[in-house]
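Next up, my_file27.csv (CSV, C-alpha atoms):
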```
chain,number,residue,atom,x,y,z
A,1,MET,CA,0.0,0.0,0.0
A,2,ASN,CA,1.4,3.4,-0.8
A,3,GLY,CA,1.8,6.2,1.7
A,4,SER,CA,-1.3,8.2,1.1
A,5,ILE,CA,-3.9,5.4,1.3
A,6,MET,CA,-2.3,3.9,4.4
A,7,PRO,CA,-3.6,6.4,7.0
A,8,PHE,CA,-7.2,6.1,5.8
A,9,ALA,CA,-7.0,2.3,5.7
A,10,ILE,CA,-5.8,2.3,9.3
A,11,PHE,CA,-8.6,4.7,10.2
A,12,PHE,CA,-11.4,2.6,8.7
A,13,ALA,CA,-9.8,-0.7,9.8
A,14,SER,CA,-9.7,0.4,13.4
A,15,ILE,CA,-13.4,1.3,13.3
A,16,PHE,CA,-14.7,-1.9,11.6
A,17,THR,CA,-12.3,-4.8,11.0
A,18,GLY,CA,-10.1,-4.2,14.0
A,19,ASN,CA,-12.8,-3.0,16.4
A,20,ILE,CA,-11.0,-2.6,19.7
A,21,LEU,CA,-13.9,-4.0,21.7
A,22,LEU,CA,-15.1,-6.8,19.5
A,23,THR,CA,-11.8,-8.2,18.2
A,24,ASN,CA,-9.5,-7.3,21.1
A,25,TYR,CA,-11.9,-7.5,24.0
A,26,LEU,CA,-10.6,-4.2,25.4
A,27,GLY,CA,-12.8,-2.0,27.4
A,28,MET,CA,-15.1,-4.8,28.4
A,29,CYS,CA,-15.6,-3.8,32.0
A,30,SER,CA,-17.2,-0.5,31.4
A,31,PHE,CA,-18.9,-1.9,28.3
A,32,LEU,CA,-20.8,-4.5,30.3
A,33,SER,CA,-21.7,-2.2,33.2
A,34,VAL,CA,-22.6,0.9,31.3
A,35,SER,CA,-24.4,-0.4,28.2
A,36,LYS,CA,-27.7,-0.7,30.2
A,37,GLU,CA,-28.8,2.8,29.2
A,38,LEU,CA,-28.5,4.6,25.9
A,39,LYS,CA,-28.0,8.1,27.4
A,40,THR,CA,-25.1,7.1,29.6
A,41,SER,CA,-23.6,5.0,26.8
A,42,THR,CA,-23.6,8.0,24.5
A,43,GLY,CA,-21.9,10.2,27.1
A,44,LEU,CA,-19.2,7.6,27.8
A,45,GLY,CA,-18.7,6.8,24.1
A,46,VAL,CA,-18.1,10.4,23.2
A,47,ALA,CA,-15.7,10.8,26.1
A,48,VAL,CA,-13.8,7.7,25.0
A,49,ILE,CA,-13.5,9.0,21.4
A,50,PHE,CA,-12.1,12.3,22.7
A,51,VAL,CA,-9.7,10.8,25.1
A,52,MET,CA,-8.4,8.1,22.7
A,53,ALA,CA,-8.0,10.6,19.8
A,54,THR,CA,-5.9,12.9,22.1
A,55,THR,CA,-3.9,10.6,24.3
A,56,THR,CA,-2.7,8.3,21.5
A,57,PRO,CA,-0.7,11.0,19.6
A,58,LEU,CA,0.3,12.5,23.0
A,59,ASN,CA,1.8,9.2,24.0
A,60,TRP,CA,3.4,8.9,20.6
A,61,LEU,CA,5.2,12.2,21.2
A,62,VAL,CA,6.3,11.1,24.7
A,63,TYR,CA,7.5,7.8,23.5
A,64,GLN,CA,9.4,9.1,20.5
A,65,TYR,CA,11.0,12.2,22.1
A,66,LEU,CA,11.3,11.2,25.7
A,67,LEU,CA,11.5,7.4,26.2
A,68,ILE,CA,13.5,6.3,23.1
A,69,PRO,CA,16.3,9.0,23.4
A,70,PHE,CA,16.8,8.1,27.0
A,71,GLY,CA,16.5,4.3,26.5
A,72,LEU,CA,13.6,4.0,28.8
A,73,GLU,CA,11.2,2.0,26.6
A,74,TYR,CA,10.5,-0.5,29.4
A,75,LEU,CA,8.9,2.3,31.5
A,76,ARG,CA,6.3,2.9,28.9
A,77,PHE,CA,3.4,1.3,30.9
A,78,ILE,CA,3.9,3.7,33.8
A,79,VAL,CA,4.5,6.7,31.6
A,80,PHE,CA,1.5,6.1,29.4
A,81,ILE,CA,-0.8,5.6,32.4
A,82,ILE,CA,0.4,8.8,33.9
A,83,VAL,CA,0.0,10.8,30.7
A,84,ILE,CA,-3.6,9.4,30.3
A,85,ALA,CA,-4.5,10.1,33.9
A,86,ALA,CA,-3.0,13.6,33.9
A,87,PHE,CA,-4.6,14.5,30.6
A,88,VAL,CA,-8.0,13.2,31.7
A,89,GLN,CA,-7.8,15.1,35.0
A,90,LEU,CA,-6.8,18.3,33.2
A,91,THR,CA,-9.6,18.0,30.7
A,92,GLU,CA,-12.1,17.4,33.5
A,93,MET,CA,-11.0,20.5,35.4
A,94,THR,CA,-11.1,22.6,32.2
A,95,ILE,CA,-14.6,21.5,31.3
A,96,GLU,CA,-15.8,22.0,34.8
A,97,ARG,CA,-14.4,25.5,34.9
A,98,TYR,CA,-15.8,26.7,31.5
A,99,SER,CA,-18.9,24.8,30.6
A,100,GLU,CA,-21.3,23.5,33.2
A,101,PRO,CA,-23.7,21.7,30.8
A,102,LEU,CA,-20.8,20.0,29.0
A,103,TYR,CA,-19.4,18.9,32.4
A,104,GLN,CA,-22.8,17.4,33.4
A,105,SER,CA,-23.1,15.4,30.1
A,106,LEU,CA,-19.4,14.5,29.5
A,107,GLY,CA,-17.2,15.4,32.4
A,108,ILE,CA,-18.6,13.0,34.9
A,109,PHE,CA,-17.5,10.1,32.7
A,110,LEU,CA,-13.9,11.2,32.4
A,111,PRO,CA,-12.6,9.8,35.6
A,112,LEU,CA,-14.1,6.4,34.7
A,113,ILE,CA,-12.1,6.4,31.6
A,114,THR,CA,-8.7,6.4,33.2
A,115,VAL,CA,-9.0,2.8,34.1
A,116,ASN,CA,-10.6,1.8,30.8
A,117,CYS,CA,-8.3,-0.8,29.3
A,118,ALA,CA,-9.0,0.2,25.8
A,119,ILE,CA,-7.3,3.6,26.2
A,120,LEU,CA,-4.0,2.1,27.3
A,121,GLY,CA,-4.4,-0.7,24.9
A,122,VAL,CA,-4.6,1.7,21.9
A,123,SER,CA,-1.4,3.4,23.0
A,124,LEU,CA,0.4,0.0,23.4
A,125,PHE,CA,-0.8,-1.2,20.0
A,126,MET,CA,0.4,2.1,18.5
A,127,VAL,CA,3.9,1.4,19.8
A,128,ILE,CA,4.0,-2.3,18.7
A,129,ARG,CA,2.7,-1.5,15.2
A,130,GLU,CA,5.2,1.4,14.8
A,131,TYR,CA,2.7,4.0,13.7
A,132,THR,CA,3.7,7.6,12.7
A,133,PHE,CA,2.2,10.6,14.4
A,134,LEU,CA,-0.6,11.0,11.8
A,135,THR,CA,-1.5,7.3,11.8
A,136,SER,CA,-1.5,7.1,15.6
A,137,PHE,CA,-3.9,10.0,15.7
A,138,LEU,CA,-6.2,8.3,13.1
A,139,PHE,CA,-5.9,5.0,14.9
A,140,GLY,CA,-6.9,6.5,18.2
A,141,LEU,CA,-9.8,8.4,16.6
A,142,GLY,CA,-10.9,5.3,14.7
A,143,SER,CA,-10.7,3.0,17.7
A,144,GLY,CA,-12.7,5.5,19.8
A,145,ILE,CA,-15.4,5.7,17.1
A,146,GLY,CA,-15.4,1.9,16.9
A,147,TRP,CA,-15.9,1.6,20.6
A,148,PHE,CA,-18.7,4.2,20.5
A,149,ILE,CA,-20.5,2.3,17.7
A,150,ALA,CA,-20.3,-0.9,19.6
A,151,ILE,CA,-21.6,0.5,22.9
A,152,ILE,CA,-24.4,2.4,21.3
A,153,ALA,CA,-25.5,-0.7,19.4
A,154,MET,CA,-25.4,-2.7,22.5
A,155,ALA,CA,-27.3,-0.2,24.6
A,156,GLY,CA,-30.0,-0.1,21.9
A,157,ILE,CA,-30.3,-3.8,21.9
A,158,ARG,CA,-30.4,-4.1,25.6
A,159,GLN,CA,-33.2,-1.6,25.9
A,160,LYS,CA,-35.3,-3.8,23.7
A,161,LEU,CA,-34.2,-6.8,25.7
A,162,LYS,CA,-35.9,-5.5,28.8
A,163,ASN,CA,-39.2,-6.9,27.4
A,164,ALA,CA,-37.7,-10.2,26.4
A,165,LYS,CA,-37.7,-13.4,28.4
A,166,VAL,CA,-34.2,-14.5,29.1
A,167,PRO,CA,-33.3,-17.7,31.0
A,168,PRO,CA,-32.6,-16.6,34.6
A,169,GLY,CA,-29.0,-17.8,34.5
A,170,LEU,CA,-28.2,-15.7,31.5
A,171,GLU,CA,-29.7,-12.4,32.7
A,172,GLY,CA,-27.3,-9.4,32.8
A,173,PRO,CA,-23.8,-10.2,31.7
A,174,GLY,CA,-24.4,-13.6,30.2
A,175,ILE,CA,-26.8,-12.4,27.5
A,176,THR,CA,-24.8,-9.2,26.9
A,177,LEU,CA,-21.7,-11.4,26.2
A,178,ILE,CA,-23.7,-13.5,23.7
A,179,ILE,CA,-25.0,-10.4,21.9
A,180,ALA,CA,-21.4,-9.1,21.9
A,181,GLY,CA,-20.4,-12.4,20.3
A,182,PHE,CA,-23.0,-11.9,17.5
A,183,MET,CA,-21.9,-8.4,17.0
A,184,ALA,CA,-18.3,-9.5,16.7
A,185,MET,CA,-19.4,-12.0,14.0
A,186,ALA,CA,-21.2,-9.3,12.2
A,187,PHE,CA,-18.1,-7.1,12.3
A,188,MET,CA,-16.0,-10.0,11.0
A,189,GLY,CA,-18.0,-9.6,7.8
A,190,PHE,CA,-16.0,-6.4,7.2
A,191,SER,CA,-12.7,-8.1,7.4
A,192,GLY,CA,-12.7,-8.9,3.7
A,193,MET,CA,-12.5,-5.1,3.0
A,194,ILE,CA,-9.4,-4.0,4.8
A,195,ALA,CA,-7.0,-5.6,7.1
A,196,ILE,CA,-4.4,-4.2,9.4
A,197,SER,CA,-1.6,-6.2,10.8
B,1,MET,CA,-10.0,-18.1,64.7
B,2,ALA,CA,-7.1,-16.6,62.8
B,3,LYS,CA,-6.7,-19.7,60.8
B,4,SER,CA,-10.3,-19.9,59.8
B,5,LYS,CA,-10.2,-16.3,58.6
B,6,VAL,CA,-7.3,-17.1,56.3
B,7,ARG,CA,-9.1,-20.2,55.0
B,8,LYS,CA,-12.2,-18.1,54.3
B,9,THR,CA,-10.2,-15.4,52.6
B,10,PHE,CA,-8.6,-18.1,50.4
B,11,LEU,CA,-11.7,-20.0,49.5
B,12,GLU,CA,-14.2,-17.2,48.8
B,13,PRO,CA,-12.7,-16.0,45.6
B,14,LEU,CA,-12.5,-19.5,44.3
B,15,GLY,CA,-16.2,-20.2,44.7
B,16,LYS,CA,-19.1,-17.9,45.6
B,17,ASN,CA,-17.2,-14.7,45.3
B,18,ASN,CA,-15.3,-15.5,42.0
B,19,PRO,CA,-14.1,-12.4,40.3
B,20,VAL,CA,-15.1,-13.6,36.8
B,21,PHE,CA,-18.5,-15.3,37.4
B,22,VAL,CA,-19.9,-13.2,40.1
B,23,GLN,CA,-18.3,-9.8,39.8
B,24,ILE,CA,-17.6,-10.0,36.0
B,25,LEU,CA,-14.3,-8.2,36.4
B,26,GLY,CA,-11.1,-8.1,34.6
B,27,ILE,CA,-11.8,-10.2,31.6
B,28,CYS,CA,-10.6,-7.4,29.3
B,29,SER,CA,-6.9,-8.2,29.0
B,30,THR,CA,-6.9,-11.9,29.1
B,31,LEU,CA,-9.9,-13.0,27.1
B,32,ALA,CA,-8.0,-12.0,24.0
B,33,VAL,CA,-5.3,-14.6,24.5
B,34,THR,CA,-7.6,-17.5,25.5
B,35,ASN,CA,-7.4,-19.1,22.0
B,36,LYS,CA,-4.2,-21.0,23.1
B,37,LEU,CA,-3.7,-22.7,26.4
B,38,GLN,CA,-0.1,-21.8,26.6
B,39,ASN,CA,-0.6,-18.1,26.2
B,40,THR,CA,-3.4,-18.1,28.7
B,41,MET,CA,-1.2,-19.9,31.2
B,42,VAL,CA,1.5,-17.3,30.9
B,43,MET,CA,-1.0,-14.4,31.2
B,44,VAL,CA,-2.8,-15.8,34.3
B,45,LEU,CA,0.5,-16.4,36.0
B,46,GLY,CA,1.4,-12.8,35.3
B,47,VAL,CA,-2.0,-11.7,36.7
B,48,MET,CA,-1.6,-13.9,39.8
B,49,PHE,CA,1.9,-12.6,40.5
B,50,THR,CA,0.8,-9.0,40.1
B,51,THR,CA,-2.4,-9.3,42.1
B,52,ALA,CA,-0.8,-11.1,45.0
B,53,LEU,CA,2.3,-8.9,45.3
B,54,SER,CA,0.6,-5.5,44.7
B,55,SER,CA,-2.0,-6.4,47.3
B,56,TRP,CA,0.7,-7.2,49.7
B,57,THR,CA,2.8,-4.1,49.0
B,58,LEU,CA,-0.2,-1.7,49.2
B,59,SER,CA,-1.4,-3.3,52.4
B,60,LEU,CA,2.1,-2.6,53.9
B,61,LEU,CA,1.8,1.0,52.8
B,62,ARG,CA,-1.9,1.4,53.6
B,63,ASN,CA,-1.4,3.7,56.6
B,64,HIS,CA,1.0,6.0,54.8
B,65,ILE,CA,-0.8,6.8,51.6
B,66,PRO,CA,-2.8,10.0,51.6
B,67,SER,CA,-6.2,9.1,50.4
B,68,ARG,CA,-6.3,11.8,47.7
B,69,ILE,CA,-3.5,10.3,45.7
B,70,ARG,CA,-4.4,6.7,46.6
B,71,MET,CA,-5.3,5.7,43.0
B,72,MET,CA,-2.1,7.1,41.6
B,73,VAL,CA,0.0,5.2,44.1
B,74,GLU,CA,-1.9,2.0,43.4
B,75,THR,CA,-1.4,2.3,39.7
B,76,MET,CA,2.3,2.9,40.2
B,77,VAL,CA,2.7,-0.2,42.3
B,78,ILE,CA,0.7,-2.4,39.9
B,79,ALA,CA,2.6,-1.0,36.9
B,80,THR,CA,5.9,-1.8,38.6
B,81,PHE,CA,5.0,-5.4,39.0
B,82,VAL,CA,3.7,-5.6,35.5
B,83,ILE,CA,7.0,-4.2,34.2
B,84,ILE,CA,8.8,-6.9,36.1
B,85,VAL,CA,6.6,-9.6,34.3
B,86,ASP,CA,7.2,-7.9,31.0
B,87,ILE,CA,11.0,-7.8,31.4
B,88,VAL,CA,11.2,-11.4,32.6
B,89,LEU,CA,9.1,-12.6,29.7
B,90,LYS,CA,11.1,-10.6,27.2
B,91,ALA,CA,14.4,-11.9,28.5
B,92,PHE,CA,13.5,-15.6,28.9
B,93,TYR,CA,10.6,-16.3,26.5
B,94,PRO,CA,11.0,-13.8,23.7
B,95,GLU,CA,8.7,-15.8,21.4
B,96,MET,CA,5.9,-15.8,23.9
B,97,TRP,CA,6.5,-12.1,24.6
B,98,LYS,CA,6.0,-11.4,20.9
B,99,GLN,CA,2.8,-13.3,20.7
B,100,LEU,CA,1.2,-11.7,23.7
B,101,GLY,CA,2.1,-8.3,22.4
B,102,PRO,CA,0.4,-5.5,24.2
B,103,TYR,CA,-1.7,-7.7,26.5
B,104,VAL,CA,1.0,-8.1,29.1
B,105,GLY,CA,1.0,-4.3,29.6
B,106,LEU,CA,-2.8,-4.4,29.8
B,107,ILE,CA,-2.6,-6.4,33.1
B,108,ILE,CA,-2.2,-3.0,34.7
B,109,THR,CA,-5.8,-2.0,33.8
B,110,ASN,CA,-7.2,-5.4,34.8
B,111,CYS,CA,-10.0,-4.4,37.2
B,112,ILE,CA,-9.5,-7.4,39.5
B,113,ILE,CA,-6.2,-6.1,40.7
B,114,MET,CA,-7.4,-2.6,41.5
B,115,GLY,CA,-10.7,-4.0,42.8
B,116,ARG,CA,-9.1,-6.3,45.3
B,117,ILE,CA,-6.7,-3.6,46.5
B,118,GLU,CA,-9.6,-1.1,47.1
B,119,ALA,CA,-11.9,-3.6,48.6
B,120,PHE,CA,-9.5,-5.7,50.6
B,121,ALA,CA,-5.9,-4.8,50.9
B,122,LEU,CA,-6.5,-1.3,52.2
B,123,GLN,CA,-8.3,-2.6,55.2
B,124,ASN,CA,-6.4,-5.7,56.0
B,125,LYS,CA,-3.0,-6.9,57.2
B,126,PRO,CA,-0.3,-7.6,54.6
B,127,MET,CA,-0.2,-11.4,54.9
B,128,LEU,CA,-4.0,-11.7,54.7
B,129,SER,CA,-4.0,-9.4,51.7
B,130,LEU,CA,-1.3,-11.6,50.0
B,131,VAL,CA,-3.6,-14.6,50.5
B,132,ASP,CA,-6.6,-12.7,49.2
B,133,GLY,CA,-4.7,-11.5,46.1
B,134,LEU,CA,-3.4,-15.0,45.4
B,135,ALA,CA,-6.8,-16.5,45.8
B,136,SER,CA,-8.4,-14.0,43.5
B,137,GLY,CA,-5.8,-14.6,41.0
B,138,LEU,CA,-6.4,-18.4,41.2
B,139,GLY,CA,-10.1,-18.0,41.0
B,140,TYR,CA,-9.6,-15.9,37.8
B,141,ALA,CA,-6.9,-18.3,36.5
B,142,TYR,CA,-9.0,-21.5,36.5
B,143,VAL,CA,-11.9,-19.9,34.8
B,144,LEU,CA,-9.7,-18.5,32.0
B,145,LEU,CA,-7.8,-21.8,31.7
B,146,ALA,CA,-11.1,-23.6,31.3
B,147,ILE,CA,-12.2,-21.2,28.6
B,148,ALA,CA,-8.9,-21.6,26.8
B,149,PHE,CA,-9.2,-25.4,27.1
B,150,VAL,CA,-12.5,-25.4,25.3
B,151,ARG,CA,-11.5,-22.8,22.7
B,152,GLU,CA,-8.2,-24.5,21.8
B,153,LEU,CA,-9.7,-28.0,21.7
B,154,LEU,CA,-12.6,-27.1,19.6
B,155,GLY,CA,-10.9,-24.5,17.5
B,156,THR,CA,-7.8,-26.4,16.4
B,157,GLY,CA,-8.1,-29.9,17.9
B,158,THR,CA,-5.0,-29.4,19.9
B,159,LEU,CA,-4.2,-29.0,23.6
B,160,TRP,CA,-1.0,-27.2,24.7
B,161,GLY,CA,0.1,-27.3,21.1
B,162,TYR,CA,-0.2,-31.1,20.8
B,163,GLN,CA,-2.7,-32.7,18.5
B,164,VAL,CA,-5.3,-34.6,20.6
B,165,LEU,CA,-8.2,-34.9,18.3
B,166,GLY,CA,-7.7,-37.2,15.2
B,167,SER,CA,-8.0,-36.2,11.6
B,168,TRP,CA,-11.8,-36.9,11.7
B,169,TRP,CA,-12.1,-33.6,13.6
B,170,THR,CA,-13.2,-30.6,11.7
B,171,ASN,CA,-11.9,-27.4,13.3
B,172,TRP,CA,-14.5,-24.9,14.5
B,173,SER,CA,-12.5,-21.9,13.5
B,174,ILE,CA,-15.1,-19.6,15.0
B,175,MET,CA,-13.8,-20.7,18.4
B,176,ILE,CA,-10.4,-19.2,17.9
B,177,MET,CA,-11.8,-16.1,16.4
B,178,PRO,CA,-13.0,-13.2,18.6
B,179,PRO,CA,-16.7,-14.2,18.8
B,180,GLY,CA,-15.8,-17.6,20.2
B,181,GLY,CA,-14.4,-16.0,23.3
B,182,PHE,CA,-17.7,-14.2,24.0
B,183,PHE,CA,-19.8,-17.3,23.5
B,184,VAL,CA,-17.7,-19.6,25.6
B,185,LEU,CA,-17.5,-17.1,28.5
B,186,ALA,CA,-21.3,-16.5,28.3
B,187,ILE,CA,-22.0,-20.2,28.3
B,188,PHE,CA,-19.7,-20.7,31.3
B,189,ILE,CA,-21.4,-18.0,33.2
B,190,TRP,CA,-24.7,-19.5,32.3
B,191,ILE,CA,-23.8,-23.0,33.5
B,192,ILE,CA,-22.3,-21.8,36.7
B,193,ARG,CA,-25.3,-19.6,37.6
B,194,GLU,CA,-27.8,-22.3,36.8
B,195,THR,CA,-26.0,-25.0,38.8
B,196,ILE,CA,-23.8,-23.7,41.7
B,197,MET,CA,-25.6,-20.5,42.4
B,198,LYS,CA,-29.0,-22.2,42.5
B,199,GLU,CA,-27.8,-24.7,45.1
B,200,GLU,CA,-26.5,-22.0,47.3
B,201,LYS,CA,-29.8,-20.2,47.2
B,202,ALA,CA,-31.8,-23.3,48.1
```
Hey, can you dump this file as structure tokens for me?
Amino acid sequence: MNGSIMPFAIFFASIFTGNILLTNYLGMCSFLSVSKELKTSTGLGVAVIFVMATTTPLNWLVYQYLLIPFGLEYLRFIVFIIVIAAFVQLTEMTIERYSEPLYQSLGIFLPLITVNCAILGVSLFMVIREYTFLTSFLFGLGSGIGWFIAIIAMAGIRQKLKNAKVPPGLEGPGITLIIAGFMAMAFMGFSGMIAIS
Amino acid sequence: MAKSKVRKTFLEPLGKNNPVFVQILGICSTLAVTNKLQNTMVMVLGVMFTTALSSWTLSLLRNHIPSRIRMMVETMVIATFVIIVDIVLKAFYPEMWKQLGPYVGLIITNCIIMGRIEAFALQNKPMLSLVDGLASGLGYAYVLLAIAFVRELLGTGTLWGYQVLGSWWTNWSIMIMPPGGFFVLAIFIWIIRETIMKEEKA
């Protein structure tokens, strides 16, 4: 693939074929607990898109210009977590200070996100796949959108599910996992289109 | 008295307080590698090591950590142990390290570790926290190994890399692909809830 198509391929692949939730099982904890309601899911989804799209290139800069020159690659776990936590905290404070309605709809989800495995996962994938600055931004953005689509779809399905009769042992997480499995199968259908390594 | 408490702490996470079945915690990082028994074994050993030792460390420190920066300290300690796991793997099993890719690092965000520290280690003595961490790790390990067992057996007809099912076996390739993990975990949760939990209620 030549240089100009590549970034877009990565962007679309990270939304569909390499969906961070459905193919890598990242971000399951909050996915299972939050997807009960459409409104909360939307809020959390948007927050995830924002944080992923910003922290991935941020971590790329830190990795390339701080960790590699000093030979500290093995510290990347700690450093990435700190960058994510600090950035999230900063954003939360900024939003709280300047926009009350935005804080009510988005800000309250931000602290939850720090411990979301998907955010750290995207940064770690970015290192392993040796992305450039542009592709790591697109990869972060795409993964966030992919996660958003998955949780919105799941919340929509679960709202209908309230009226369905589910075997008692499967109620809650059980049936959610089965639905997630079907969604993963549906998303596998995209894999003929683009693939990322 | 003291002995029975240790016993209870050890047994609860294995059965009725299992982190995976009951609390549905921490499946994120490891479910992805359950398509091979070997990979799963390495991952759960890493998780057990981290859970046990970070519980112990934080329990030692529990009276000295200001509660405002508690989370940050916890993350640091967990990350330290995960880095140890990562470096050891990279040095002694480079092939395995390559296969696991980013998932070793993702042990940090495994909710079980943070959950046990918050819920247990910060209120209890170091040795008891070590037992609790180890037991939670074990409770988590056997569930994931069971999942990996089913997925590898049905998906490739092998166990631990050795062919066990004959040539008559048709591989269910869905099992080693992502949806298989969701289905197997859901079915496990279903079976456990229908059998064990019901008995306890009655």
Do you know which residues are at most 8 Å from range 137-143 of chain A counting all atoms listed in the file, after dropping those on the same chain fewer than 6 positions away, and could you put them as a PyMOL selection string? chain A and resi 7-8+10-15+19-20+49-50+52-57+122-123+126
With a distance threshold of 9 Å and counting all atoms listed in the file, extract the residues of chain A near chain B and express them as a PyMOL selection string. chain A and resi 21-29+32+74-78+81-82+85+114-118+120-121+124-125+127-128+167-171+173-185+188
Take the residues from that selection and write them out as a CSV table (one decimal), keeping the file's coordinate frame, keeping C-alpha atoms.
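Below is the file out_26.csv, written as the result:
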```
chain,number,residue,atom,x,y,z
A,21,LEU,CA,-13.9,-4.0,21.7
A,22,LEU,CA,-15.1,-6.8,19.5
A,23,THR,CA,-11.8,-8.2,18.2
A,24,ASN,CA,-9.5,-7.3,21.1
A,25,TYR,CA,-11.9,-7.5,24.0
A,26,LEU,CA,-10.6,-4.2,25.4
A,27,GLY,CA,-12.8,-2.0,27.4
A,28,MET,CA,-15.1,-4.8,28.4
A,29,CYS,CA,-15.6,-3.8,32.0
A,32,LEU,CA,-20.8,-4.5,30.3
A,74,TYR,CA,10.5,-0.5,29.4
A,75,LEU,CA,8.9,2.3,31.5
A,76,ARG,CA,6.3,2.9,28.9
A,77,PHE,CA,3.4,1.3,30.9
A,78,ILE,CA,3.9,3.7,33.8
A,81,ILE,CA,-0.8,5.6,32.4
A,82,ILE,CA,0.4,8.8,33.9
A,85,ALA,CA,-4.5,10.1,33.9
A,114,THR,CA,-8.7,6.4,33.2
A,115,VAL,CA,-9.0,2.8,34.1
A,116,ASN,CA,-10.6,1.8,30.8
A,117,CYS,CA,-8.3,-0.8,29.3
A,118,ALA,CA,-9.0,0.2,25.8
A,120,LEU,CA,-4.0,2.1,27.3
A,121,GLY,CA,-4.4,-0.7,24.9
A,124,LEU,CA,0.4,0.0,23.4
A,125,PHE,CA,-0.8,-1.2,20.0
A,127,VAL,CA,3.9,1.4,19.8
A,128,ILE,CA,4.0,-2.3,18.7
A,167,PRO,CA,-33.3,-17.7,31.0
A,168,PRO,CA,-32.6,-16.6,34.6
A,169,GLY,CA,-29.0,-17.8,34.5
A,170,LEU,CA,-28.2,-15.7,31.5
A,171,GLU,CA,-29.7,-12.4,32.7
A,173,PRO,CA,-23.8,-10.2,31.7
A,174,GLY,CA,-24.4,-13.6,30.2
A,175,ILE,CA,-26.8,-12.4,27.5
A,176,THR,CA,-24.8,-9.2,26.9
A,177,LEU,CA,-21.7,-11.4,26.2
A,178,ILE,CA,-23.7,-13.5,23.7
A,179,ILE,CA,-25.0,-10.4,21.9
A,180,ALA,CA,-21.4,-9.1,21.9
A,181,GLY,CA,-20.4,-12.4,20.3
A,182,PHE,CA,-23.0,-11.9,17.5
A,183,MET,CA,-21.9,-8.4,17.0
A,184,ALA,CA,-18.3,-9.5,16.7
A,185,MET,CA,-19.4,-12.0,14.0
A,188,MET,CA,-16.0,-10.0,11.0
```
All residues 12 Å or closer to Glu74 in chain B, all atoms listed in the file, same chain fewer than 3 positions away omitted, as a PyMOL selection string: (chain A and resi 78+81-82+115) or (chain B and resi 50-51+53-59+61-62+65-71+77-81+108-109+113-118+121-122)
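With distances restricted to all atoms listed in the file, B:Thr158 is the closest residue to Leu37 in chain B from B:Asn18, B:Asn63, B:Asn171, B:Thr158.
In this model, the gap between CA of Val150 in chain B and CA of Pro13 in chain B comes to 22.4 Å.
Put simply, CA of Ala150 in chain A is 21.9 Å away from CA of Thr135 in chain A.
Taking CA of Thr42 in chain A and CA of Ile152 in chain A as the two end points, the separation is 6.5 Å.
Minimum distance to Thr34 in chain B across B:Phe149, B:Phe10, B:Trp168, B:Tyr162 (counting all atoms listed in the file) occurs at B:Phe149.
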Fewer than 6 positions away in the same chain doesn't count, so skip those; otherwise give me all residues within 10 Å of Leu11 in chain B, counting all atoms listed in the file, as a PyMOL selection string. chain B and resi 5+17-18+131-132+135-136+138-139
